[in-house]
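Peer 1: Before I ask anything, let me first share the structure, which is written out below as structure tokens.
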Amino acid sequence: MRESVKRESVDLFRGLLIALVACSVATLAVAPFRGVLLDANLALYYLLIVVWLTVKAGRSAGFSASVLSVLFFDIFLVPPYDSLTVHDPQHVLTFAMLLLVALVTSRLVDGLRVQTALAETRGQWSESLRAMGDGLLSAENADDVRRIGAQFVGGMFGATAWILPPDFSSGSAIDPRLTVGMQKIAATMLRRHAGGAQAPVSSAGVVYLPLRAGERISGIMLLVLPARMARLDAMQERWLQTASVQLALALDRVHSIDVASRARLAEKNERFRNSILSSISHDIRTPLTTVAGLAELLVQQLPRESDSGGTALRLHRAAVRMDATVTNLLDIARFSQHGIAINSDWAAIDEIIGSAIFGQRAAAQQLAFDSEIRGAPALVKLDALLMEKVLCNLIDNAVRHARGATRVAVRGHLRPRSLQLSVIDNGCGMAHPPPVANVLAPDGDKPRDHGGLGLSICQAICDAHGGRMRVFGRPGKGCCVILAIPVAETLPLDYADHHADDHAD
Amino acid sequence: MPTTMPMIMPTEPAILVIEDDADIRRMLVSAMGGQGYRVREAASGQEGLRSLPECEPVLLLVDLGLPDMDGGELVRALRAQTAAPIIIVSARQMEAEKVAALDAGADDFVTKPFGMPELQARVRAHLRRRGSEQAEPVAVVAFGDVVLDLQRRVVERGGQPVHLTPTEFKLLATLAASEGKVLTHRELLRRVWGVGYLERTHYLRIHMAHLRGKLEANPTQPRHFLTETGIGYRFHA
């Protein structure tokens with residue numbers, strides 16, 4: 001406040017000085033002709049001086065010149081000379097009108113001058129915005145946008161500007177000129193993204209302005225004001241806001257380009273991988289069917305005790321096992337291409353367990369299967385095909401990897417909110433059950449051992465159902481895999497006594 | 001092109017194999033030929049349909065993944081011309097196609113890679129069922145320790161009468177009448193409850209669970225009421 005008063009008085013003094021000099025010179029120039037020139041010509045002459053001064057030196061000079069020209073006119077050019085006194089009352093009128101006209105004209109001219117100057121500045125500002133827009137068009141990534149933006153904004157204010165990404169604090173390279181305090185304020189402003197248009201916040205000579213277009217905040221702009229500039233005026237603030245929106249839009253543009261191209265690339269990779277996987281799977285499965293079938297025909301035709309009979313049997317087993325692996329590969333291809341689509345329907349737990357055991361019985365002729373269901377029998381809503389696949393894989397795992405096992409137990413236990421399924425063998429067990437990775441997890445550990453593929457498919461299906469799978473085992477005590485699947489809906493079996501029966505004859 | 005096996009007498013019952021993969025076709029031919037059937041081959045659906053009239057098969061083995069025809073369409077076209085059992089040969093993960101083909105009139109399916117003894121057993125079972133269908137309708141069906149008397153509407157297990165609700169009895173009778181055949185959920189719902197109940201698979205599952213509980217020794221390892229997950233049920237005597 002005080003500064004602006006001081007600046008105004010300096011301005012006034014400067015105007016007065018200029019006006020004094022100009023009026024003196026002008027008066028001296030016409031002094032030789034005093035008494036010769038008509039008063040009207042002299043009055044117009046002074047008016048000209050006032051207008052010229054106003055245009056050149058501004059309002060205060062114009063105002064001072066208006067007063068001074070009347071004084072000089074009176075003192076030096078109107079008789080009696082070198083005195084303020086006036087003999088002719090006509091002259092008093094002339095002076096009054098000259099003063100009035102000079103003041104009004106100077107005021108009008110000054111207004112015009114300010115308007116022109118303002119328009120010129122505005123033109124410059126908008127030109128700079130346009131230039132920044134042009135520069136941003138060539139930006140290919142967010143770093144380019146931030147660099148170009150900081151250059152333009154800094155250049156516009158003759159100051160240093162930074163544009164930081166929303167996650168700048170986690171990034172590595174931070175400009176050492178950014179103080180910790182500045183970083184803290186910037187981080188706070190990024191976190192507290194109030195809705196609507198953002199006004200710049202000034203603190204200790206630094207202006208902070210979040211960049212936002214629509215919902216997303218795409219960064220924050222920091223502008224260190226030069227020493228001569230205490231704060232931004234309304235126009236600069238408006239300009240800064242416009243620039244920030246432009247920058248936010250540019251950041252959004254490169255962001256969406258980036259996202260789209262990355263998604264396209266990922267999709268392409270995925271499609272390629274899956275097409276290879278499924279064509280391999282198909283091309284393997286067809287001849288495999290032949291191998292398995294022919295081996296089985298040989299088993300039928302050859303005496304079982306003979307060497308070749310045994311060979312045929314082993315050939316058949318190997319082919320069937322390979323088919324199981326191909327099935328797992330196909331499942332992975334299908335799941336990772338379309339995700340695990342859960343097709344929930346009413347399912348009976350005994351049916352799932354029963355058909356899983358039935359499907360694996362051929363491969364496990366020497367094993368006895370125990371199965372039981374605890375809890376009230378009921379229908380549950382889940383994807384029976386996927387659950388059967390899980391149980392098949394777990395039983396298959398037990399059949400193949402549990403050496404020395406004689407029994408495999410499959411148990412179902414319906415709890416109030418979950419279904420617990422367990423597959424238990426009495427085989428060799430294992431010292432340290434390995435953690436099972438979800439084969440679909442993008443950055444998860446990929447299964448390494450032989451049994452891992454089937455187990456990790458189980459894990460993926462279990463995860464897709466929102467369930468948990470745990471593997472327990474102790475050497476010599478067998479292994480146990482327990483699944484807990486959340487169940488939202490159950491239907492008690494006596495439901496039929498009240499409803500389903502009514503409709504039959 | 002269709003070939004006949006010269007060393008087998010033409011009076012042997014004929015089986016028509018429609019399969020596009022030559023190796024699998026040849027394998028099926030030798031598997032079935034070894035069982036005393038006359039086998040006709042067709043490499044495509046159209047060829048199969050063409051050779052149907054002069055071949056007069058007692059059973060058809062049809063691949064679901066033929067290049068020239070949709071499986072369901074082919075089964076429907078075949079079913080329009082013959083009453084012989086149709087067994088579908090399909091890859092895994094084709095439940096919807098299997099259901100469509102079964103609904104179109106197929107009797108059974110095997111999944112690649114199929115076990116040869118299993119396929120041969122299925123073929124025999126279907127031919128036996130077809131033979132008994134053509135004879136007079138059976139009045140008594142026995143399976144395990146259960147005896148089902150369709151005329152007296154009585155079920156006994158181990159000599160003791162078992163109480164079944166009317167729906168359970170109807171379901172049991174429907175299953176027993178199609179022994180060895182895969183009945184889809186829709187088919188069973190249509191036959192037992194009626195066309196208004198085709199989507200209410202939970203009725204079916206509940207009654208199936210009751211039937212298993214009453215007639216199976218261990219309902220979680222059934223021997224007679226077999227589940228084809230995602231497809232339907234099969235009754236095995």
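Residue numbering restarts at 1 for every chain of the structure tokens, chains are lettered A, B, ... in their displayed order, and ligands are numbered from 1 as they appear.
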For Cys462 (chain A), list every protein, DNA or RNA residue within 9 Å, evaluated using only C-alpha atoms, and leave out those in the same chain fewer than 2 positions away; present the list as a ChimeraX atom specification.

Peer 2: /A:387,390,457-460,464-469,483-485

Peer 1: Write out the residues from the selection above, keeping C-alpha atoms, as a compact mmCIF listing (two decimals), in the first residue's frame.

Peer 2:
# COMPACT_ATOMS: atom_id res chain seq x y z
CA MET A 387 -14.50 -75.56 -8.94
CA VAL A 390 -9.69 -76.90 -9.11
CA ILE A 457 -4.24 -72.29 -11.90
CA CYS A 458 -6.12 -73.39 -8.78
CA GLN A 459 -4.76 -70.33 -7.00
CA ALA A 460 -5.89 -68.08 -9.87
CA ALA A 464 -11.05 -64.92 -8.85
CA HIS A 465 -13.69 -66.25 -6.47
CA GLY A 466 -12.24 -64.11 -3.68
CA GLY A 467 -11.18 -67.20 -1.80
CA ARG A 468 -8.03 -68.48 -0.16
CA MET A 469 -5.94 -71.53 -0.84
CA LEU A 483 -9.62 -73.87 -0.15
CA ALA A 484 -12.04 -71.44 1.40
CA ILE A 485 -14.44 -69.90 -1.08

Peer 1: Give me the chain B side of the contact with chain A, cut-off 9 Å, one line per residue showing its nearest atom pair and distance in Å at one decimal, counting only C-alpha atoms, sorted by chain and residue number, as a tab-separated table.

Peer 2:
residue	atom	partner	partner_atom	distance
B:Asp21	CA	A:Thr286	CA	7.8
B:Asp23	CA	A:Thr290	CA	6.3
B:Ile24	CA	A:Thr290	CA	5.4
B:Arg25	CA	A:Thr290	CA	9.0
B:Met27	CA	A:Leu294	CA	6.5
B:Leu28	CA	A:Gly293	CA	8.4
B:Ser30	CA	A:Leu297	CA	8.5
B:Ala31	CA	A:Leu297	CA	6.8
B:Ala91	CA	A:Arg285	CA	8.7
B:Arg92	CA	A:Thr327	CA	7.9
B:Gln93	CA	A:Asp331	CA	8.7
B:Lys112	CA	A:Thr289	CA	6.0
B:Pro113	CA	A:Thr289	CA	4.4
B:Phe114	CA	A:Gly293	CA	7.0
B:Gly115	CA	A:Gly293	CA	6.5
B:Met116	CA	A:Gly293	CA	6.0
B:Pro117	CA	A:Glu296	CA	7.9
B:Thr165	CA	A:Asp501	CA	7.9
B:Pro166	CA	A:Asp505	CA	7.0
B:Thr167	CA	A:Ala504	CA	5.7
B:Glu168	CA	A:Asp501	CA	8.7
B:Lys170	CA	A:Ala504	CA	8.6
B:Val192	CA	A:Ala504	CA	7.2
B:Trp193	CA	A:Ala504	CA	5.6
B:Gly194	CA	A:Ala504	CA	8.3
B:Thr201	CA	A:Trp346	CA	7.4
B:His202	CA	A:Trp346	CA	5.8
B:Tyr203	CA	A:Ala500	CA	5.6
B:Leu204	CA	A:Ala500	CA	8.6
B:Arg205	CA	A:Ala348	CA	6.5
B:Ile206	CA	A:Leu493	CA	5.8
B:His207	CA	A:Ala496	CA	7.3
B:Ala209	CA	A:Ala348	CA	7.4
B:His210	CA	A:Leu493	CA	8.0
B:Asn218	CA	A:Ser371	CA	8.4
B:Pro219	CA	A:Asp350	CA	6.7
B:Thr220	CA	A:Gly354	CA	4.7
B:Gln221	CA	A:Gly354	CA	4.8
B:Pro222	CA	A:Gly354	CA	6.6
B:Leu226	CA	A:Ser355	CA	7.3
B:Thr227	CA	A:Ser355	CA	5.9
B:Glu228	CA	A:Ser355	CA	7.0
B:Thr229	CA	A:Leu385	CA	6.1
B:Gly230	CA	A:Leu385	CA	6.2

Peer 1: Among region 47-219 of chain B, which ones does DSSP assign to strand (DSSP E) (computed from the backbone)? Answer as a ChimeraX atom specification.

Peer 2: /B:59-63,86-90,108-111,140-143,146-149,154-157,160-161,182-184

Peer 1: Can you pull out the residues contacting region 12-20 of chain B? Cut-off 9 Å, using only C-alpha atoms, and skip same-chain residues under 4 positions away; I want them as a PDB file with C-alpha atoms, in the first residue's frame.

Peer 2:
ATOM      1  CA  ILE B   8     -15.724-107.963 -42.447  1.00  0.00           C
ATOM      2  CA  ILE B  24      -8.056 -89.940 -35.245  1.00  0.00           C
ATOM      3  CA  ARG B  25     -10.461 -91.276 -37.866  1.00  0.00           C
ATOM      4  CA  LEU B  28     -11.532 -94.926 -34.433  1.00  0.00           C
ATOM      5  CA  VAL B  29     -11.881 -97.221 -37.416  1.00  0.00           C
ATOM      6  CA  MET B  32     -14.424-100.103 -33.721  1.00  0.00           C
ATOM      7  CA  GLY B  36     -16.830-106.437 -34.950  1.00  0.00           C
ATOM      8  CA  TYR B  37     -18.428-103.386 -36.490  1.00  0.00           C
ATOM      9  CA  ARG B  38     -18.407-102.302 -40.091  1.00  0.00           C
ATOM     10  CA  VAL B  39     -17.009 -98.755 -40.057  1.00  0.00           C
ATOM     11  CA  ARG B  40     -17.737 -96.075 -42.626  1.00  0.00           C
ATOM     12  CA  GLU B  41     -15.645 -92.913 -42.615  1.00  0.00           C
ATOM     13  CA  ALA B  42     -16.545 -89.387 -43.534  1.00  0.00           C
ATOM     14  CA  ALA B  43     -14.090 -86.499 -43.413  1.00  0.00           C
ATOM     15  CA  SER B  44     -16.698 -83.733 -43.321  1.00  0.00           C
ATOM     16  CA  GLY B  45     -20.245 -83.085 -42.208  1.00  0.00           C
ATOM     17  CA  GLU B  47     -19.876 -86.195 -46.669  1.00  0.00           C
ATOM     18  CA  GLY B  48     -21.347 -87.780 -43.565  1.00  0.00           C
ATOM     19  CA  SER B  51     -23.235 -91.363 -46.960  1.00  0.00           C
ATOM     20  CA  LEU B  52     -25.912 -91.738 -44.283  1.00  0.00           C
ATOM     21  CA  CYS B  55     -24.662 -96.759 -44.891  1.00  0.00           C
ATOM     22  CA  GLU B  56     -27.594 -97.216 -42.498  1.00  0.00           C
ATOM     23  CA  PRO B  57     -25.447 -97.026 -39.384  1.00  0.00           C
ATOM     24  CA  VAL B  58     -26.544 -98.382 -36.039  1.00  0.00           C
ATOM     25  CA  LEU B  59     -24.449 -95.683 -34.345  1.00  0.00           C
ATOM     26  CA  LEU B  60     -22.651 -92.479 -35.307  1.00  0.00           C
ATOM     27  CA  LEU B  61     -19.434 -90.996 -33.941  1.00  0.00           C
ATOM     28  CA  VAL B  62     -19.399 -87.294 -34.774  1.00  0.00           C
ATOM     29  CA  ASP B  63     -16.582 -84.814 -34.210  1.00  0.00           C
ATOM     30  CA  LEU B  64     -17.785 -81.436 -32.937  1.00  0.00           C
ATOM     31  CA  GLY B  65     -15.032 -79.349 -34.484  1.00  0.00           C
ATOM     32  CA  LEU B  66     -15.650 -80.041 -38.152  1.00  0.00           C
ATOM     33  CA  PRO B  67     -14.516 -77.305 -40.505  1.00  0.00           C
ATOM     34  CA  VAL B  89     -16.342 -86.544 -29.959  1.00  0.00           C
TER      35      VAL B  89
END

Peer 1: Which residues, written as an MDAnalysis selection string, have at least one atom at most 7 Å from region 49-57 of chain A, with only C-alpha atoms counted and residues fewer than 3 positions away on the same chain left out?

Peer 2: chainID A and resid 15 45:46 61:62 65:66 102 105:106 109:110 113

Peer 1: What does the file look like for those residues with N, CA and C atoms, as an mmCIF file, in the first residue's frame?

Peer 2:
data_model
loop_
_atom_site.group_PDB
_atom_site.id
_atom_site.type_symbol
_atom_site.label_atom_id
_atom_site.label_comp_id
_atom_site.auth_asym_id
_atom_site.auth_seq_id
_atom_site.Cartn_x
_atom_site.Cartn_y
_atom_site.Cartn_z
ATOM 1 N N GLY A 15 6.183 13.990 -13.626
ATOM 2 C CA GLY A 15 5.276 14.628 -14.583
ATOM 3 C C GLY A 15 5.377 16.154 -14.489
ATOM 4 N N TYR A 45 -2.212 26.710 -29.118
ATOM 5 C CA TYR A 45 -0.823 26.268 -29.072
ATOM 6 C C TYR A 45 -0.554 25.531 -27.768
ATOM 7 N N TYR A 46 -1.029 26.108 -26.633
ATOM 8 C CA TYR A 46 -0.819 25.452 -25.335
ATOM 9 C C TYR A 46 -1.600 24.140 -25.243
ATOM 10 N N ALA A 61 1.892 14.403 -16.127
ATOM 11 C CA ALA A 61 2.519 15.457 -16.929
ATOM 12 C C ALA A 61 1.445 16.301 -17.612
ATOM 13 N N GLY A 62 0.409 15.613 -18.107
ATOM 14 C CA GLY A 62 -0.679 16.312 -18.792
ATOM 15 C C GLY A 62 -1.393 17.257 -17.843
ATOM 16 N N ALA A 65 0.877 20.115 -16.986
ATOM 17 C CA ALA A 65 1.006 21.000 -18.142
ATOM 18 C C ALA A 65 -0.247 21.865 -18.306
ATOM 19 N N SER A 66 -1.428 21.278 -17.983
ATOM 20 C CA SER A 66 -2.669 22.047 -18.100
ATOM 21 C C SER A 66 -2.611 23.289 -17.205
ATOM 22 N N ALA A 102 -8.052 21.931 -21.413
ATOM 23 C CA ALA A 102 -6.776 21.216 -21.308
ATOM 24 C C ALA A 102 -6.917 20.003 -20.394
ATOM 25 N N THR A 105 -9.192 17.311 -22.088
ATOM 26 C CA THR A 105 -8.504 16.678 -23.216
ATOM 27 C C THR A 105 -7.398 15.756 -22.714
ATOM 28 N N SER A 106 -6.659 16.300 -21.749
ATOM 29 C CA SER A 106 -5.546 15.490 -21.255
ATOM 30 C C SER A 106 -6.070 14.201 -20.630
ATOM 31 N N VAL A 109 -7.161 11.831 -23.497
ATOM 32 C CA VAL A 109 -5.992 11.302 -24.214
ATOM 33 C C VAL A 109 -5.286 10.262 -23.361
ATOM 34 N N ASP A 110 -5.196 10.601 -22.064
ATOM 35 C CA ASP A 110 -4.530 9.649 -21.175
ATOM 36 C C ASP A 110 -5.286 8.322 -21.139
ATOM 37 N N ARG A 113 -4.507 6.394 -24.097
ATOM 38 C CA ARG A 113 -3.139 5.905 -24.042
ATOM 39 C C ARG A 113 -3.060 4.616 -23.209
#

Peer 1: Determine, counting only C-alpha atoms, which protein, DNA and RNA residues have an atom within 10 Å of an atom of Thr174 (chain B); residues of the same chain fewer than 4 positions away are not included. Present the result as number ranges by chain.

Peer 2: B: 168-170, 178-179, 183, 188, 191-192, 235

Peer 1: According to DSSP computed on the backbone, where in region 57-222 of chain B is there alpha helix (DSSP H)? Give the residues as JSON, numbers by chain.

Peer 2: {"B": [71, 72, 73, 74, 75, 76, 77, 78, 79, 80, 81, 95, 96, 97, 98, 99, 100, 101, 102, 103, 116, 117, 118, 119, 120, 121, 122, 123, 124, 125, 126, 127, 128, 129, 130, 131, 132, 133, 134, 166, 167, 168, 169, 170, 171, 172, 173, 174, 175, 176, 177, 185, 186, 187, 188, 189, 190, 191, 192, 201, 202, 203, 204, 205, 206, 207, 208, 209, 210, 211, 212, 213, 214, 215]}

Peer 1: Generate the output file for the selected residues, C-alpha atoms, as a CSV table (one decimal), in the first residue's frame.

Peer 2:
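That gives us part25.csv:
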chain,number,residue,atom,x,y,z
B,71,GLY,CA,-21.8,-79.3,-34.6
B,72,GLY,CA,-25.3,-78.6,-33.4
B,73,GLU,CA,-26.5,-78.1,-37.0
B,74,LEU,CA,-24.9,-81.4,-38.2
B,75,VAL,CA,-26.4,-83.4,-35.3
B,76,ARG,CA,-29.8,-81.9,-36.1
B,77,ALA,CA,-29.5,-82.8,-39.7
B,78,LEU,CA,-28.4,-86.3,-38.9
B,79,ARG,CA,-31.1,-86.8,-36.3
B,80,ALA,CA,-33.7,-85.8,-38.9
B,81,GLN,CA,-32.6,-88.8,-40.9
B,95,GLU,CA,-19.4,-77.2,-22.9
B,96,ALA,CA,-21.8,-74.9,-24.7
B,97,GLU,CA,-21.2,-76.7,-28.0
B,98,LYS,CA,-21.7,-80.1,-26.3
B,99,VAL,CA,-25.0,-78.9,-24.7
B,100,ALA,CA,-26.1,-77.6,-28.1
B,101,ALA,CA,-25.3,-80.9,-29.8
B,102,LEU,CA,-27.0,-82.9,-27.1
B,103,ASP,CA,-30.1,-80.7,-27.2
B,116,MET,CA,-10.6,-96.5,-26.0
B,117,PRO,CA,-12.1,-99.1,-23.6
B,118,GLU,CA,-14.5,-96.4,-22.3
B,119,LEU,CA,-15.5,-95.5,-25.9
B,120,GLN,CA,-16.1,-99.1,-26.8
B,121,ALA,CA,-18.1,-99.6,-23.6
B,122,ARG,CA,-20.2,-96.6,-24.4
B,123,VAL,CA,-20.9,-97.8,-27.9
B,124,ARG,CA,-21.9,-101.2,-26.6
B,125,ALA,CA,-24.2,-99.6,-24.0
B,126,HIS,CA,-25.9,-97.4,-26.5
B,127,LEU,CA,-26.5,-100.3,-28.9
B,128,ARG,CA,-27.8,-102.4,-26.1
B,129,ARG,CA,-30.1,-99.6,-24.9
B,130,ARG,CA,-31.3,-99.1,-28.5
B,131,GLY,CA,-32.0,-102.8,-28.8
B,132,SER,CA,-34.1,-102.8,-25.6
B,133,GLU,CA,-36.0,-99.7,-26.7
B,134,GLN,CA,-37.1,-101.4,-29.8
B,166,PRO,CA,-43.8,-87.9,-7.1
B,167,THR,CA,-41.2,-85.6,-8.6
B,168,GLU,CA,-38.3,-87.8,-7.5
B,169,PHE,CA,-40.0,-90.8,-8.9
B,170,LYS,CA,-40.7,-89.1,-12.2
B,171,LEU,CA,-37.1,-87.9,-12.4
B,172,LEU,CA,-35.8,-91.5,-11.6
B,173,ALA,CA,-38.1,-93.0,-14.2
B,174,THR,CA,-37.0,-90.5,-16.8
B,175,LEU,CA,-33.3,-91.2,-16.1
B,176,ALA,CA,-33.8,-94.9,-16.0
B,177,ALA,CA,-35.6,-94.8,-19.4
B,185,HIS,CA,-30.4,-80.0,-17.7
B,186,ARG,CA,-32.9,-78.5,-20.1
B,187,GLU,CA,-34.0,-81.9,-21.3
B,188,LEU,CA,-34.6,-83.2,-17.8
B,189,LEU,CA,-36.4,-80.1,-16.7
B,190,ARG,CA,-38.6,-80.2,-19.8
B,191,ARG,CA,-39.5,-83.9,-19.3
B,192,VAL,CA,-40.0,-83.8,-15.6
B,201,THR,CA,-31.8,-75.9,-12.7
B,202,HIS,CA,-31.8,-75.7,-8.9
B,203,TYR,CA,-35.0,-77.8,-8.8
B,204,LEU,CA,-33.2,-80.4,-10.7
B,205,ARG,CA,-30.1,-80.3,-8.5
B,206,ILE,CA,-32.1,-80.5,-5.3
B,207,HIS,CA,-34.1,-83.5,-6.4
B,208,MET,CA,-30.9,-85.1,-7.8
B,209,ALA,CA,-29.3,-84.7,-4.4
B,210,HIS,CA,-32.3,-86.3,-2.7
B,211,LEU,CA,-32.3,-89.2,-5.2
B,212,ARG,CA,-28.6,-89.7,-4.5
B,213,GLY,CA,-29.1,-89.5,-0.8
B,214,LYS,CA,-31.8,-92.2,-0.9
B,215,LEU,CA,-30.4,-94.5,-3.5
